[in-house]
file input-v8.cif (mmCIF, C-alpha atoms)
data_query
loop_
_atom_site.label_atom_id
_atom_site.label_comp_id
_atom_site.auth_asym_id
_atom_site.auth_seq_id
_atom_site.Cartn_x
_atom_site.Cartn_y
_atom_site.Cartn_z
CA MET A 26 -22.08 24.64 -6.74
CA PRO A 27 -20.03 23.19 -9.61
CA THR A 28 -19.53 19.45 -9.56
CA LEU A 29 -16.17 17.69 -9.25
CA GLN A 30 -15.38 14.02 -9.73
CA VAL A 31 -12.01 12.38 -9.09
CA ILE A 32 -10.91 9.05 -10.54
CA THR A 33 -8.00 7.64 -8.53
CA LEU A 34 -5.74 5.02 -10.08
CA GLY A 35 -2.73 3.19 -8.69
CA CYS A 36 -1.68 2.58 -5.11
CA SER A 37 -2.99 3.64 -1.71
CA LYS A 38 -0.55 6.56 -1.68
CA ASN A 39 -2.54 8.07 -4.55
CA THR A 40 -5.73 7.55 -2.55
CA VAL A 41 -4.26 9.65 0.27
CA ASP A 42 -3.32 12.40 -2.21
CA THR A 43 -6.88 12.50 -3.54
CA GLU A 44 -8.35 12.72 -0.04
CA HIS A 45 -6.03 15.62 0.86
CA LEU A 46 -7.06 17.43 -2.31
CA LEU A 47 -10.79 16.92 -1.75
CA PHE A 48 -10.55 18.23 1.79
CA GLN A 49 -9.17 21.55 0.56
CA VAL A 50 -11.75 22.09 -2.20
CA GLN A 51 -14.87 20.60 -0.58
CA ASP A 52 -16.39 24.02 0.21
CA SER A 53 -16.20 25.07 -3.44
CA TYR A 54 -17.47 21.94 -5.16
CA GLU A 55 -20.15 19.31 -4.91
CA ILE A 56 -18.13 16.08 -4.89
CA VAL A 57 -19.49 13.38 -7.20
CA PRO A 58 -18.44 9.91 -5.98
CA GLU A 59 -16.05 7.96 -8.19
CA GLY A 60 -17.88 5.45 -10.33
CA GLU A 61 -21.06 7.48 -10.57
CA THR A 62 -21.87 8.19 -14.22
CA CYS A 63 -23.32 11.65 -14.66
CA PRO A 64 -22.26 14.94 -16.25
CA VAL A 65 -19.70 16.86 -14.18
CA ASP A 66 -18.19 20.30 -14.44
CA VAL A 67 -14.67 19.11 -13.62
CA LEU A 68 -13.24 15.61 -13.96
CA LEU A 69 -9.87 15.03 -12.33
CA ILE A 70 -7.81 11.87 -12.90
CA ASN A 71 -5.10 10.88 -10.41
CA THR A 72 -2.79 8.66 -12.46
CA CYS A 73 -0.25 5.90 -11.90
CA GLY A 74 2.93 5.65 -13.97
CA PHE A 75 4.87 2.95 -12.16
CA ILE A 76 4.90 0.01 -14.58
CA GLY A 77 3.63 -0.70 -18.08
CA ASP A 78 0.18 -2.05 -17.18
CA ALA A 79 -0.47 0.85 -14.81
CA LYS A 80 0.58 3.39 -17.41
CA GLN A 81 -1.72 1.80 -19.99
CA GLN A 82 -4.64 1.86 -17.56
CA SER A 83 -4.01 5.56 -16.92
CA ILE A 84 -3.87 6.35 -20.64
CA ASP A 85 -7.05 4.38 -21.31
CA THR A 86 -8.85 6.19 -18.49
CA ILE A 87 -7.77 9.61 -19.79
CA LEU A 88 -8.88 8.74 -23.34
CA ALA A 89 -12.27 7.56 -22.06
CA ALA A 90 -12.64 10.82 -20.13
CA ALA A 91 -11.68 12.79 -23.25
CA ALA A 92 -14.47 11.02 -25.10
CA ARG A 93 -16.91 12.01 -22.35
CA LYS A 94 -15.73 15.60 -22.68
CA ALA A 95 -16.26 15.52 -26.44
CA ALA A 96 -19.79 14.24 -25.81
CA GLY A 97 -20.51 17.16 -23.50
CA GLU A 98 -20.54 15.11 -20.29
CA VAL A 99 -17.43 16.77 -18.84
CA GLY A 100 -16.59 20.45 -18.65
CA ARG A 101 -12.89 20.62 -17.74
CA LEU A 102 -10.59 17.61 -17.75
CA LEU A 103 -7.54 17.77 -15.48
CA VAL A 104 -4.87 15.11 -14.92
CA PHE A 105 -2.30 14.80 -12.14
CA GLY A 106 -0.19 12.16 -10.42
CA CYS A 107 2.66 9.90 -11.40
CA LEU A 108 2.00 9.56 -15.14
CA SER A 109 1.93 13.29 -15.79
CA GLN A 110 4.93 13.74 -13.51
CA ARG A 111 6.84 11.17 -15.56
CA TYR A 112 5.90 12.43 -19.03
CA PRO A 113 5.25 16.19 -18.68
CA GLU A 114 6.44 17.07 -22.18
CA GLU A 115 5.00 14.17 -24.18
CA LEU A 116 1.45 13.92 -22.85
CA PRO A 117 0.03 17.40 -23.68
CA GLY A 118 0.74 16.90 -27.36
CA LEU A 119 -0.64 13.37 -27.40
CA ILE A 120 -3.92 14.15 -25.62
CA PRO A 121 -4.78 17.83 -26.25
CA GLU A 122 -8.29 17.36 -24.87
CA VAL A 123 -6.85 17.58 -21.36
CA ASP A 124 -7.16 21.12 -19.99
CA GLY A 125 -4.33 20.85 -17.46
CA TRP A 126 -1.52 18.51 -16.49
CA PHE A 127 -0.07 18.44 -12.96
CA GLY A 128 2.67 16.33 -11.42
CA ALA A 129 2.52 14.09 -8.38
CA ARG A 130 3.71 16.91 -6.12
CA ASP A 131 1.70 19.72 -7.70
CA LEU A 132 -1.12 19.74 -5.16
CA ASP A 133 -1.05 23.51 -4.56
CA PRO A 134 -1.01 24.45 -8.28
CA LEU A 135 -3.86 21.99 -8.83
CA ILE A 136 -5.90 23.52 -6.01
CA ARG A 137 -5.36 26.95 -7.58
CA ALA A 138 -6.39 25.60 -10.98
CA LEU A 139 -9.64 24.52 -9.34
CA GLY A 140 -10.20 28.12 -8.29
CA CYS A 141 -9.34 27.56 -4.62
CA LYS A 142 -6.61 28.89 -2.36
CA PRO A 143 -4.20 26.35 -0.83
CA ASN A 144 -4.29 26.48 2.96
CA PRO A 145 -1.17 25.15 4.72
CA ALA A 146 -3.17 24.87 7.96
CA LEU A 147 -5.34 22.21 6.32
CA ARG A 148 -2.52 20.00 5.08
CA HIS A 149 -3.50 17.23 7.47
CA GLY A 150 -7.14 17.22 6.36
CA ARG A 151 -8.65 14.24 4.56
CA LEU A 152 -12.01 13.74 2.86
CA PRO A 153 -12.54 9.99 2.25
CA GLU A 154 -14.80 9.04 -0.63
CA GLY A 155 -17.42 6.32 -0.72
CA GLU A 156 -18.79 4.23 2.13
CA TYR A 157 -17.37 4.33 5.64
CA ARG A 158 -14.29 2.19 6.22
CA PRO A 159 -12.79 1.66 9.68
CA TYR A 160 -9.25 1.82 8.32
CA ALA A 161 -7.24 4.52 6.55
CA TYR A 162 -3.81 4.82 4.98
CA LEU A 163 -1.43 7.28 6.61
CA LYS A 164 1.32 8.42 4.23
CA ILE A 165 4.28 9.39 6.41
CA SER A 166 6.69 10.49 3.69
CA GLU A 167 6.96 11.24 -0.01
CA GLY A 168 9.58 10.17 -2.51
CA CYS A 169 12.53 7.83 -2.09
CA ASP A 170 16.31 8.13 -1.76
CA ARG A 171 16.87 4.49 -2.68
CA ARG A 172 18.03 3.71 -6.19
CA CYS A 173 16.83 0.18 -6.89
CA SER A 174 17.83 -0.54 -10.47
CA TYR A 175 14.34 -1.60 -11.62
CA CYS A 176 12.34 1.19 -9.97
CA ALA A 177 11.14 4.46 -11.49
CA ILE A 178 9.72 5.91 -8.27
CA PRO A 179 12.72 8.13 -7.31
CA PHE A 180 12.59 10.15 -10.52
CA ILE A 181 8.77 10.24 -10.50
CA ARG A 182 8.20 11.17 -6.86
CA GLY A 183 11.56 12.77 -6.12
CA LYS A 184 13.74 12.58 -3.04
CA HIS A 185 12.52 11.36 0.33
CA ILE A 186 10.62 13.98 2.34
CA SER A 187 9.22 13.02 5.75
CA VAL A 188 5.97 14.51 7.02
CA PRO A 189 6.50 16.13 10.45
CA MET A 190 5.25 14.04 13.37
CA GLU A 191 2.90 16.75 14.62
CA THR A 192 1.20 16.89 11.21
CA LEU A 193 0.75 13.12 11.14
CA VAL A 194 -0.64 13.07 14.68
CA ALA A 195 -3.12 15.81 13.72
CA GLU A 196 -4.12 13.82 10.64
CA ALA A 197 -4.56 10.68 12.76
CA ARG A 198 -6.78 12.57 15.20
CA GLU A 199 -8.99 13.77 12.37
CA LEU A 200 -9.25 10.27 10.95
CA ALA A 201 -10.11 8.88 14.39
CA ALA A 202 -12.84 11.52 14.74
CA ARG A 203 -14.33 10.13 11.50
CA GLY A 204 -14.46 6.63 13.02
CA VAL A 205 -11.17 5.22 11.74
CA LYS A 206 -9.87 2.48 14.06
CA GLU A 207 -6.83 1.29 12.09
CA LEU A 208 -3.97 3.24 10.51
CA ILE A 209 -1.98 1.58 7.76
CA ILE A 210 1.42 3.27 7.71
CA ILE A 211 2.65 3.74 4.14
CA ALA A 212 5.45 5.46 2.21
CA GLN A 213 7.86 4.45 -0.51
CA ASP A 214 10.07 3.27 2.38
CA THR A 215 8.51 3.56 5.84
CA THR A 216 11.69 2.58 7.70
CA TYR A 217 13.53 5.61 6.24
CA TYR A 218 11.14 7.94 8.04
CA GLY A 219 12.70 10.83 9.93
CA LEU A 220 16.23 10.84 8.54
CA ASP A 221 15.75 14.10 6.67
CA LEU A 222 13.86 15.89 9.46
CA TYR A 223 15.38 14.53 12.65
CA GLY A 224 18.73 13.10 11.57
CA LYS A 225 17.77 9.54 12.49
CA ARG A 226 15.18 6.88 11.71
CA CYS A 227 12.10 7.71 13.76
CA LEU A 228 9.41 5.22 12.74
CA ALA A 229 9.37 3.70 16.24
CA GLN A 230 8.95 7.11 17.86
CA LEU A 231 6.18 7.98 15.40
CA LEU A 232 4.33 4.77 16.27
CA GLU A 233 4.60 5.68 19.95
CA LYS A 234 3.06 9.13 19.35
CA LEU A 235 0.31 7.78 17.08
CA SER A 236 -0.63 5.16 19.66
CA GLU A 237 -1.62 8.00 21.99
CA VAL A 238 -4.39 9.12 19.62
CA GLU A 239 -7.71 8.23 21.19
CA GLY A 240 -9.81 5.98 18.96
CA ILE A 241 -6.92 4.44 17.03
CA GLU A 242 -6.70 0.78 18.05
CA TRP A 243 -4.42 -0.74 15.41
CA MET A 244 -1.42 0.44 13.41
CA ARG A 245 0.01 -1.65 10.60
CA ILE A 246 3.35 -1.13 8.81
CA HIS A 247 3.66 -1.48 5.04
CA TYR A 248 6.53 -1.04 2.58
CA SER A 249 9.45 -1.41 4.96
CA TYR A 250 12.90 -1.78 3.43
CA PRO A 251 15.29 -4.57 4.56
CA ALA A 252 18.58 -2.63 4.38
CA ASP A 253 19.40 -0.76 7.61
CA PHE A 254 16.16 -1.97 9.16
CA PRO A 255 15.55 -0.08 12.46
CA GLU A 256 15.33 -2.75 15.13
CA ASP A 257 13.54 -0.44 17.59
CA VAL A 258 10.48 -0.87 15.36
CA LEU A 259 10.44 -4.53 16.37
CA ASP A 260 10.69 -3.53 20.02
CA GLN A 261 7.67 -1.26 19.53
CA MET A 262 5.78 -4.07 17.83
CA ALA A 263 6.59 -6.51 20.61
CA ARG A 264 5.44 -4.28 23.49
CA ASN A 265 2.87 -1.84 22.08
CA PRO A 266 -0.55 -3.54 21.83
CA LYS A 267 -1.69 -1.04 19.18
CA VAL A 268 1.06 -2.02 16.73
CA CYS A 269 -0.11 -5.06 14.78
CA ARG A 270 2.22 -8.03 14.76
CA TYR A 271 2.35 -7.73 11.01
CA MET A 272 5.13 -6.47 8.76
CA ASP A 273 5.08 -5.83 5.04
CA ILE A 274 8.71 -6.02 3.87
CA PRO A 275 9.28 -6.38 0.11
CA LEU A 276 12.45 -8.48 -0.23
CA GLN A 277 12.37 -8.82 -4.06
CA HIS A 278 14.90 -11.69 -4.17
CA VAL A 279 17.36 -13.72 -2.10
CA SER A 280 20.17 -14.52 -4.55
CA ASP A 281 23.29 -12.44 -3.89
CA GLU A 282 23.90 -11.85 -7.59
CA VAL A 283 20.34 -10.76 -8.33
CA LEU A 284 20.13 -8.55 -5.24
CA ASP A 285 23.37 -6.89 -6.30
CA LYS A 286 21.98 -6.14 -9.76
CA MET A 287 18.81 -4.82 -8.14
CA HIS A 288 20.90 -2.40 -6.02
CA ARG A 289 19.13 -3.59 -2.87
CA HIS A 290 22.20 -3.15 -0.60
CA VAL A 291 21.62 -6.48 1.17
CA ASP A 292 22.58 -10.06 0.41
CA GLY A 293 20.91 -13.39 1.02
CA ALA A 294 22.60 -13.96 4.38
CA TRP A 295 21.42 -10.57 5.67
CA THR A 296 17.89 -11.29 4.45
CA ARG A 297 17.72 -14.64 6.22
CA GLU A 298 19.13 -13.17 9.44
CA LEU A 299 16.65 -10.28 9.38
CA ILE A 300 13.72 -12.66 9.03
CA ARG A 301 15.09 -14.75 11.92
CA ARG A 302 15.42 -11.68 14.17
CA MET A 303 11.94 -10.48 13.34
CA ARG A 304 10.41 -13.77 14.37
CA GLU A 305 12.60 -14.03 17.45
CA LYS A 306 11.81 -10.51 18.71
CA VAL A 307 8.10 -10.62 17.81
CA PRO A 308 6.81 -14.18 18.31
CA GLY A 309 3.85 -14.87 16.05
CA VAL A 310 4.57 -11.98 13.70
CA VAL A 311 2.99 -12.34 10.28
CA LEU A 312 5.29 -11.38 7.42
CA ARG A 313 4.15 -10.22 3.99
CA THR A 314 6.68 -9.91 1.21
CA THR A 315 6.96 -9.61 -2.55
CA PHE A 316 9.46 -11.00 -5.06
CA ILE A 317 10.39 -10.16 -8.63
CA VAL A 318 11.04 -13.08 -10.97
CA GLY A 319 12.77 -12.84 -14.33
CA HIS A 320 15.05 -9.95 -13.42
CA PRO A 321 17.91 -9.54 -15.94
CA GLY A 322 20.61 -12.02 -15.05
CA GLU A 323 18.35 -14.33 -13.05
CA THR A 324 19.46 -17.85 -13.94
CA SER A 325 17.56 -21.04 -13.28
CA ALA A 326 19.90 -21.59 -10.31
CA HIS A 327 19.04 -18.14 -8.91
CA PHE A 328 15.35 -18.89 -9.30
CA LYS A 329 15.73 -22.28 -7.62
CA GLU A 330 17.43 -20.57 -4.68
CA LEU A 331 14.45 -18.21 -4.43
CA VAL A 332 11.98 -21.11 -4.47
CA GLU A 333 13.91 -22.95 -1.75
CA PHE A 334 14.04 -19.78 0.33
CA VAL A 335 10.26 -19.36 0.11
CA LYS A 336 9.82 -22.97 1.21
CA GLU A 337 12.22 -22.43 4.09
CA ALA A 338 10.96 -19.02 5.27
CA ARG A 339 7.26 -19.90 4.96
CA PHE A 340 5.95 -16.36 4.67
CA GLN A 341 2.32 -16.20 5.71
CA ARG A 342 1.66 -13.67 2.93
CA MET A 343 3.53 -13.36 -0.34
CA GLY A 344 3.07 -11.79 -3.74
CA ALA A 345 5.27 -11.99 -6.83
CA PHE A 346 5.62 -10.14 -10.11
CA THR A 347 7.47 -10.59 -13.35
CA TYR A 348 10.22 -8.08 -14.13
CA SER A 349 9.05 -5.10 -16.17
CA GLU A 350 11.69 -2.96 -17.86
CA GLU A 351 10.98 0.70 -17.18
CA GLU A 352 12.58 3.42 -19.28
CA GLY A 353 14.87 5.73 -17.39
CA THR A 354 15.82 3.21 -14.73
CA PHE A 355 19.36 1.95 -14.22
CA GLY A 356 18.24 -1.53 -15.21
CA ALA A 357 16.79 -0.39 -18.50
CA GLN A 358 19.99 1.49 -19.32
CA HIS A 359 22.51 -1.17 -18.31
CA PHE A 360 20.85 -4.61 -18.39
CA GLU A 361 19.37 -6.53 -21.28
CA ASP A 362 15.88 -7.82 -20.57
CA SER A 363 16.80 -11.16 -22.09
CA ILE A 364 14.55 -13.55 -20.16
CA SER A 365 11.56 -14.44 -22.31
CA PRO A 366 8.02 -13.56 -21.20
CA ALA A 367 7.15 -17.27 -21.28
CA THR A 368 9.98 -18.11 -18.86
CA LYS A 369 8.98 -15.25 -16.57
CA LYS A 370 5.37 -16.44 -16.48
CA LYS A 371 6.47 -20.03 -15.84
CA ARG A 372 8.65 -18.99 -12.91
CA LEU A 373 5.91 -16.80 -11.50
CA LYS A 374 3.40 -19.64 -11.65
CA GLU A 375 5.80 -22.06 -9.98
CA LEU A 376 6.64 -19.67 -7.17
CA MET A 377 3.00 -18.83 -6.48
CA GLU A 378 2.07 -22.51 -6.45
CA VAL A 379 4.62 -23.05 -3.70
CA GLN A 380 3.20 -20.12 -1.76
CA ARG A 381 -0.36 -21.31 -2.23
CA GLY A 382 0.46 -24.47 -0.31
CA ILE A 383 2.21 -22.51 2.45
CA SER A 384 -0.71 -20.11 2.78
CA PHE A 385 -3.21 -22.98 2.93
CA ALA A 386 -1.24 -24.76 5.65
CA TYR A 387 -0.94 -21.55 7.68
CA ASN A 388 -4.66 -20.81 7.45
CA GLN A 389 -5.53 -24.39 8.32
CA SER A 390 -3.36 -24.15 11.44
CA ARG A 391 -5.57 -21.32 12.67
CA ILE A 392 -8.77 -23.42 12.76
CA GLY A 393 -10.05 -23.57 16.31
CA THR A 394 -8.18 -20.48 17.48
CA GLU A 395 -9.88 -17.37 18.84
CA VAL A 396 -8.92 -13.97 17.51
CA ARG A 397 -10.00 -10.34 17.80
CA VAL A 398 -11.30 -8.96 14.50
CA LEU A 399 -12.33 -5.60 13.10
CA VAL A 400 -15.54 -5.60 11.05
CA ASP A 401 -14.85 -3.89 7.70
CA ALA A 402 -18.21 -4.37 5.99
CA PHE A 403 -21.54 -6.20 5.96
CA SER A 404 -22.64 -7.79 2.68
CA ASP A 405 -25.15 -10.50 1.76
CA GLY A 406 -25.55 -11.66 5.34
CA ILE A 407 -21.81 -11.84 5.94
CA LEU A 408 -19.66 -9.74 8.26
CA VAL A 409 -16.38 -9.15 6.44
CA CYS A 410 -13.66 -8.96 9.08
CA ARG A 411 -9.90 -8.96 9.58
CA SER A 412 -7.58 -9.70 12.46
CA GLU A 413 -4.27 -7.95 13.10
CA TYR A 414 -2.79 -10.59 10.77
CA GLU A 415 -4.68 -9.46 7.65
CA SER A 416 -4.20 -6.18 5.84
CA PRO A 417 -7.12 -4.83 3.77
CA GLU A 418 -7.17 -5.13 -0.01
CA VAL A 419 -4.08 -7.38 -0.20
CA ASP A 420 -4.74 -10.25 2.23
CA GLY A 421 -7.62 -12.62 2.80
CA GLU A 422 -10.64 -11.92 4.99
CA ILE A 423 -12.36 -13.55 7.94
CA LEU A 424 -16.01 -14.15 7.06
CA VAL A 425 -18.68 -14.42 9.78
CA ASN A 426 -22.25 -15.52 9.08
CA TYR A 427 -24.36 -12.87 10.76
CA SER A 428 -27.38 -15.15 11.18
CA ALA A 429 -25.45 -17.96 12.91
CA GLY A 430 -26.42 -16.86 16.45
CA LYS A 431 -24.72 -14.63 19.03
CA LEU A 432 -25.67 -11.44 17.18
CA ASP A 433 -29.47 -11.69 17.11
CA GLY A 434 -31.08 -8.34 17.73
CA ILE A 435 -28.01 -6.31 16.74
CA GLU A 436 -28.41 -4.30 13.54
CA PRO A 437 -25.65 -5.75 11.33
CA HIS A 438 -24.52 -2.48 9.73
CA SER A 439 -23.96 -1.04 13.21
CA LEU A 440 -21.21 -3.61 13.68
CA VAL A 441 -19.06 -2.15 10.90
CA GLY A 442 -16.09 -0.52 12.61
CA GLU A 443 -16.53 -2.57 15.78
CA PHE A 444 -14.31 -5.29 17.21
CA LEU A 445 -15.50 -8.85 17.84
CA THR A 446 -13.89 -12.00 19.19
CA VAL A 447 -14.37 -14.93 16.83
CA ARG A 448 -13.32 -18.55 16.55
CA ILE A 449 -11.91 -19.75 13.21
CA THR A 450 -13.97 -22.70 11.95
CA ALA A 451 -12.73 -23.25 8.37
CA ALA A 452 -10.05 -21.98 5.99
CA ASP A 453 -8.83 -22.14 2.43
CA GLU A 454 -5.57 -20.75 1.03
CA TYR A 455 -6.96 -17.21 1.12
CA ASP A 456 -10.03 -16.61 3.31
CA LEU A 457 -11.14 -17.92 6.69
CA THR A 458 -14.60 -18.59 8.11
CA ALA A 459 -15.40 -17.88 11.73
CA GLU A 460 -18.16 -17.70 14.33
CA VAL A 461 -18.67 -15.13 17.06
CA VAL A 462 -17.54 -16.28 20.49
#

call {"tool": "encode", "arguments": {"input": "input-v8.cif", "output": "structure tokens"}}
result
Amino acid sequence: MPTLQVITLGCSKNTVDTEHLLFQVQDSYEIVPEGETCPVDVLLINTCGFIGDAKQQSIDTILAAAARKAAGEVGRLLVFGCLSQRYPEELPGLIPEVDGWFGARDLDPLIRALGCKPNPALRHGRLPEGEYRPYAYLKISEGCDRRCSYCAIPFIRGKHISVPMETLVAEARELAARGVKELIIIAQDTTYYGLDLYGKRCLAQLLEKLSEVEGIEWMRIHYSYPADFPEDVLDQMARNPKVCRYMDIPLQHVSDEVLDKMHRHVDGAWTRELIRRMREKVPGVVLRTTFIVGHPGETSAHFKELVEFVKEARFQRMGAFTYSEEEGTFGAQHFEDSISPATKKKRLKELMEVQRGISFAYNQSRIGTEVRVLVDAFSDGILVCRSEYESPEVDGEILVNYSAGKLDGIEPHSLVGEFLTVRITAADEYDLTAEVV
């Protein structure tokens, strides 16, 4: 059989796309794991084109692959994903070594280019790469109807298209059969789910149906949007034990003026009230958010308001980024990116220093508590675990010393994918240490 290797760049949504692709072509190719260096018949690169750094990484990866092709280590070189969707006319002339360019939504043409026939009945299929993981991302929709002024996603990925519930349930069943215990619900905007198919927001109903899938124990919501937030999702979180008391909700800012320029369709008062309602309806909920600093028009007063809000809200998880002007966006066309890179970096550092203290205090408050954890991996004598309050790849981990009693006689790798009850014994601003109860 010919060999196929896929290099996946960018976010978890790209990972899902790659797994769907591999499932449909697995009978025609021997799949070479990503990262393995050996000659391959076909090398496929799934690119990211969201912001400047991601675009540069994609270009560098394509150029490195082109060099491998020139050296005879690669037969055909194909590229798909967000970068080729964003620059379909420019890229072929710049990198002629690539044998085919496909956009982010060109899965069927790409399958045909690989000599296979797309099968609609297999749309829900996934073929994960690499070692077993007890969690998987479930992409419930594609594209976005929002028009945030800084964001290029709508014209890269197109309009919002929800995946039918029955397809997602079938996909969840297949993942559960492979040993997946946790679904991480993702989309450009998860709370928009269902409007195009069912005429209303249906994330809560989807969670209800997914919770009926045998083997799935946890479901975690990422990338929710604050405007028009569907409150029945909070009701589901409060009463359904399979829905983690965890919400990823990128707020981006709190200043009315900055939010208005961002086209976020909320103001600071709405944002504060939403956070209050979330914590009132779901006691103990852990909130993850992100902010953009240095957006055009952000004054020192606006930034100070953001810092005070972070101190007041005390998000358990928070990330921040400096504003990146992206061509084609409303912001790039109408706002001058006048804040210097040095000022952006200074504001970012200040905001993250504030959050570091909040995160440390939160983790310290958990010392002595008992919590149910899912074992993600075993490495160097340590069980790498998470509770419902930690999302993989973005949050800290709960580390358990395998040799510290309680588990003697149990093969450690057999614990990966299992649940344990542990007691938190130590914590820093990121990770926690625990012992098995």

call {"tool": "residues_around", "arguments": {"input": "input-v8.cif", "residues": "A:Asn71", "least_positions_apart": "4", "cutoff": "6 Å", "atoms": "all atoms listed in the file", "output": "PDB file with C-alpha atoms, in the coordinates of the input"}}
result
ATOM      1  CA  THR A  33      -8.000   7.640  -8.530  1.00  0.00           C
ATOM      2  CA  LEU A  34      -5.740   5.020 -10.080  1.00  0.00           C
ATOM      3  CA  PHE A 105      -2.300  14.800 -12.140  1.00  0.00           C
ATOM      4  CA  GLY A 106      -0.190  12.160 -10.420  1.00  0.00           C
TER       5      GLY A 106
END

call {"tool": "atom_distance", "arguments": {"input": "input-v8.cif", "atom1": "atom CA of A:Val104", "atom2": "atom CA of A:Trp126"}}
result
5.0 Å

call {"tool": "atom_distance", "arguments": {"input": "input-v8.cif", "atom1": "atom CA of A:Gly322", "atom2": "atom CA of A:Lys286"}}
result
8.0 Å

call {"tool": "resolve_selection", "arguments": {"input": "input-v8.cif", "expression": "the PyMOL selection byres ((chain A and resi 396-413) around 7)", "output": "JSON, numbers by chain"}}
result
{"A": [158, 159, 269, 270, 271, 394, 395, 414, 415, 422, 423, 424, 425, 426, 427, 437, 438, 440, 441, 442, 443, 444, 445, 446, 447, 448]}

call {"tool": "resolve_selection", "arguments": {"input": "input-v8.cif", "expression": "the PyMOL selection byres ((chain A and resi 355-363) around 8)", "output": "number ranges by chain"}}
result
A: 173-175, 287, 320-321, 350-354, 364-365

call {"tool": "closest_residue", "arguments": {"input": "input-v8.cif", "among": "A:Val57, A:Leu259, A:Leu220, A:Ala161", "to": "A:Arg203", "atoms": "all atoms listed in the file"}}
result
A:Ala161

call {"tool": "closest_residue", "arguments": {"input": "input-v8.cif", "among": "A:Ser280, A:Ser325, A:Ser428, A:Thr314", "to": "A:Trp295", "atoms": "only C-alpha atoms"}}
result
A:Ser280

call {"tool": "resolve_selection", "arguments": {"input": "input-v8.cif", "expression": "the PyMOL selection byres ((chain A and resi 48) around 10)", "output": "number ranges by chain"}}
result
A: 43-47, 49-52, 147-153

call {"tool": "write_last_selection", "arguments": {"input": "input-v8.cif", "atoms": "C-alpha atoms", "output": "compact mmCIF listing (two decimals), keeping the file's coordinate frame"}}
result
# COMPACT_ATOMS: atom_id res chain seq x y z
CA THR A 43 -6.88 12.50 -3.54
CA GLU A 44 -8.35 12.72 -0.04
CA HIS A 45 -6.03 15.62 0.86
CA LEU A 46 -7.06 17.43 -2.31
CA LEU A 47 -10.79 16.92 -1.75
CA GLN A 49 -9.17 21.55 0.56
CA VAL A 50 -11.75 22.09 -2.20
CA GLN A 51 -14.87 20.60 -0.58
CA ASP A 52 -16.39 24.02 0.21
CA LEU A 147 -5.34 22.21 6.32
CA ARG A 148 -2.52 20.00 5.08
CA HIS A 149 -3.50 17.23 7.47
CA GLY A 150 -7.14 17.22 6.36
CA ARG A 151 -8.65 14.24 4.56
CA LEU A 152 -12.01 13.74 2.86
CA PRO A 153 -12.54 9.99 2.25

call {"tool": "closest_residue", "arguments": {"input": "input-v8.cif", "among": "A:Val205, A:Val99, A:Leu222, A:Ala129", "to": "A:Arg182", "atoms": "all atoms listed in the file"}}
result
A:Ala129

call {"tool": "atom_distance", "arguments": {"input": "input-v8.cif", "atom1": "atom CA of A:Gly344", "atom2": "atom CA of A:Ile383"}}
result
12.4 Å

call {"tool": "residues_around", "arguments": {"input": "input-v8.cif", "residues": "stretch 89-93 of chain A", "least_positions_apart": "4", "cutoff": "9 Å", "atoms": "only C-alpha atoms", "output": "NGL selection string"}}
result
:A and (64 or 68 or 70 or 84-85 or 97-99 or 102 or 120 or 122-123)

call {"tool": "closest_residue", "arguments": {"input": "input-v8.cif", "among": "A:Arg171, A:Lys164, A:Lys80, A:Lys225", "to": "A:Val194", "atoms": "only C-alpha atoms"}}
result
A:Lys164

call {"tool": "closest_atom_pairs", "arguments": {"input": "input-v8.cif", "of": "stretch 296-383 of chain A", "to": "stretch 228-249 of chain A", "cutoff": "12 Å", "atoms": "all atoms listed in the file", "output": "CSV"}}
result
residue,atom,partner,partner_atom,distance
A:Val310,CA,A:Arg245,CA,11.7
A:Val311,CA,A:Arg245,CA,11.1
A:Leu312,CA,A:His247,CA,10.3
A:Arg313,CA,A:His247,CA,8.8
A:Thr314,CA,A:Tyr248,CA,9.0
A:Thr315,CA,A:Tyr248,CA,10.0

call {"tool": "residues_around", "arguments": {"input": "input-v8.cif", "residues": "A:Lys306", "least_positions_apart": "3", "cutoff": "10 Å", "atoms": "only C-alpha atoms", "output": "ChimeraX atom specification"}}
result
/A:256,259-260,262-263,301-303,309-310

call {"tool": "residues_around", "arguments": {"input": "input-v8.cif", "residues": "A:Asp66", "least_positions_apart": "4", "cutoff": "12 Å", "atoms": "only C-alpha atoms", "output": "list of chain:residue names"}}
result
A:Met26, A:Pro27, A:Thr28, A:Leu29, A:Gln30, A:Val31, A:Tyr54, A:Glu55, A:Ile56, A:Val57, A:Arg93, A:Lys94, A:Gly97, A:Glu98, A:Val99, A:Gly100, A:Arg101, A:Leu102, A:Leu103, A:Leu139

call {"tool": "residues_around", "arguments": {"input": "input-v8.cif", "residues": "A:Tyr218", "least_positions_apart": "5", "cutoff": "8 Å", "atoms": "only C-alpha atoms", "output": "list in words"}}
result
Ile165, Ser166, Ser187, Arg226, Cys227 and Leu228 of chain A

call {"tool": "closest_residue", "arguments": {"input": "input-v8.cif", "among": "A:Gly60, A:Gly140, A:Gly168, A:Pro366", "to": "A:Ile211", "atoms": "all atoms listed in the file"}}
result
A:Gly168
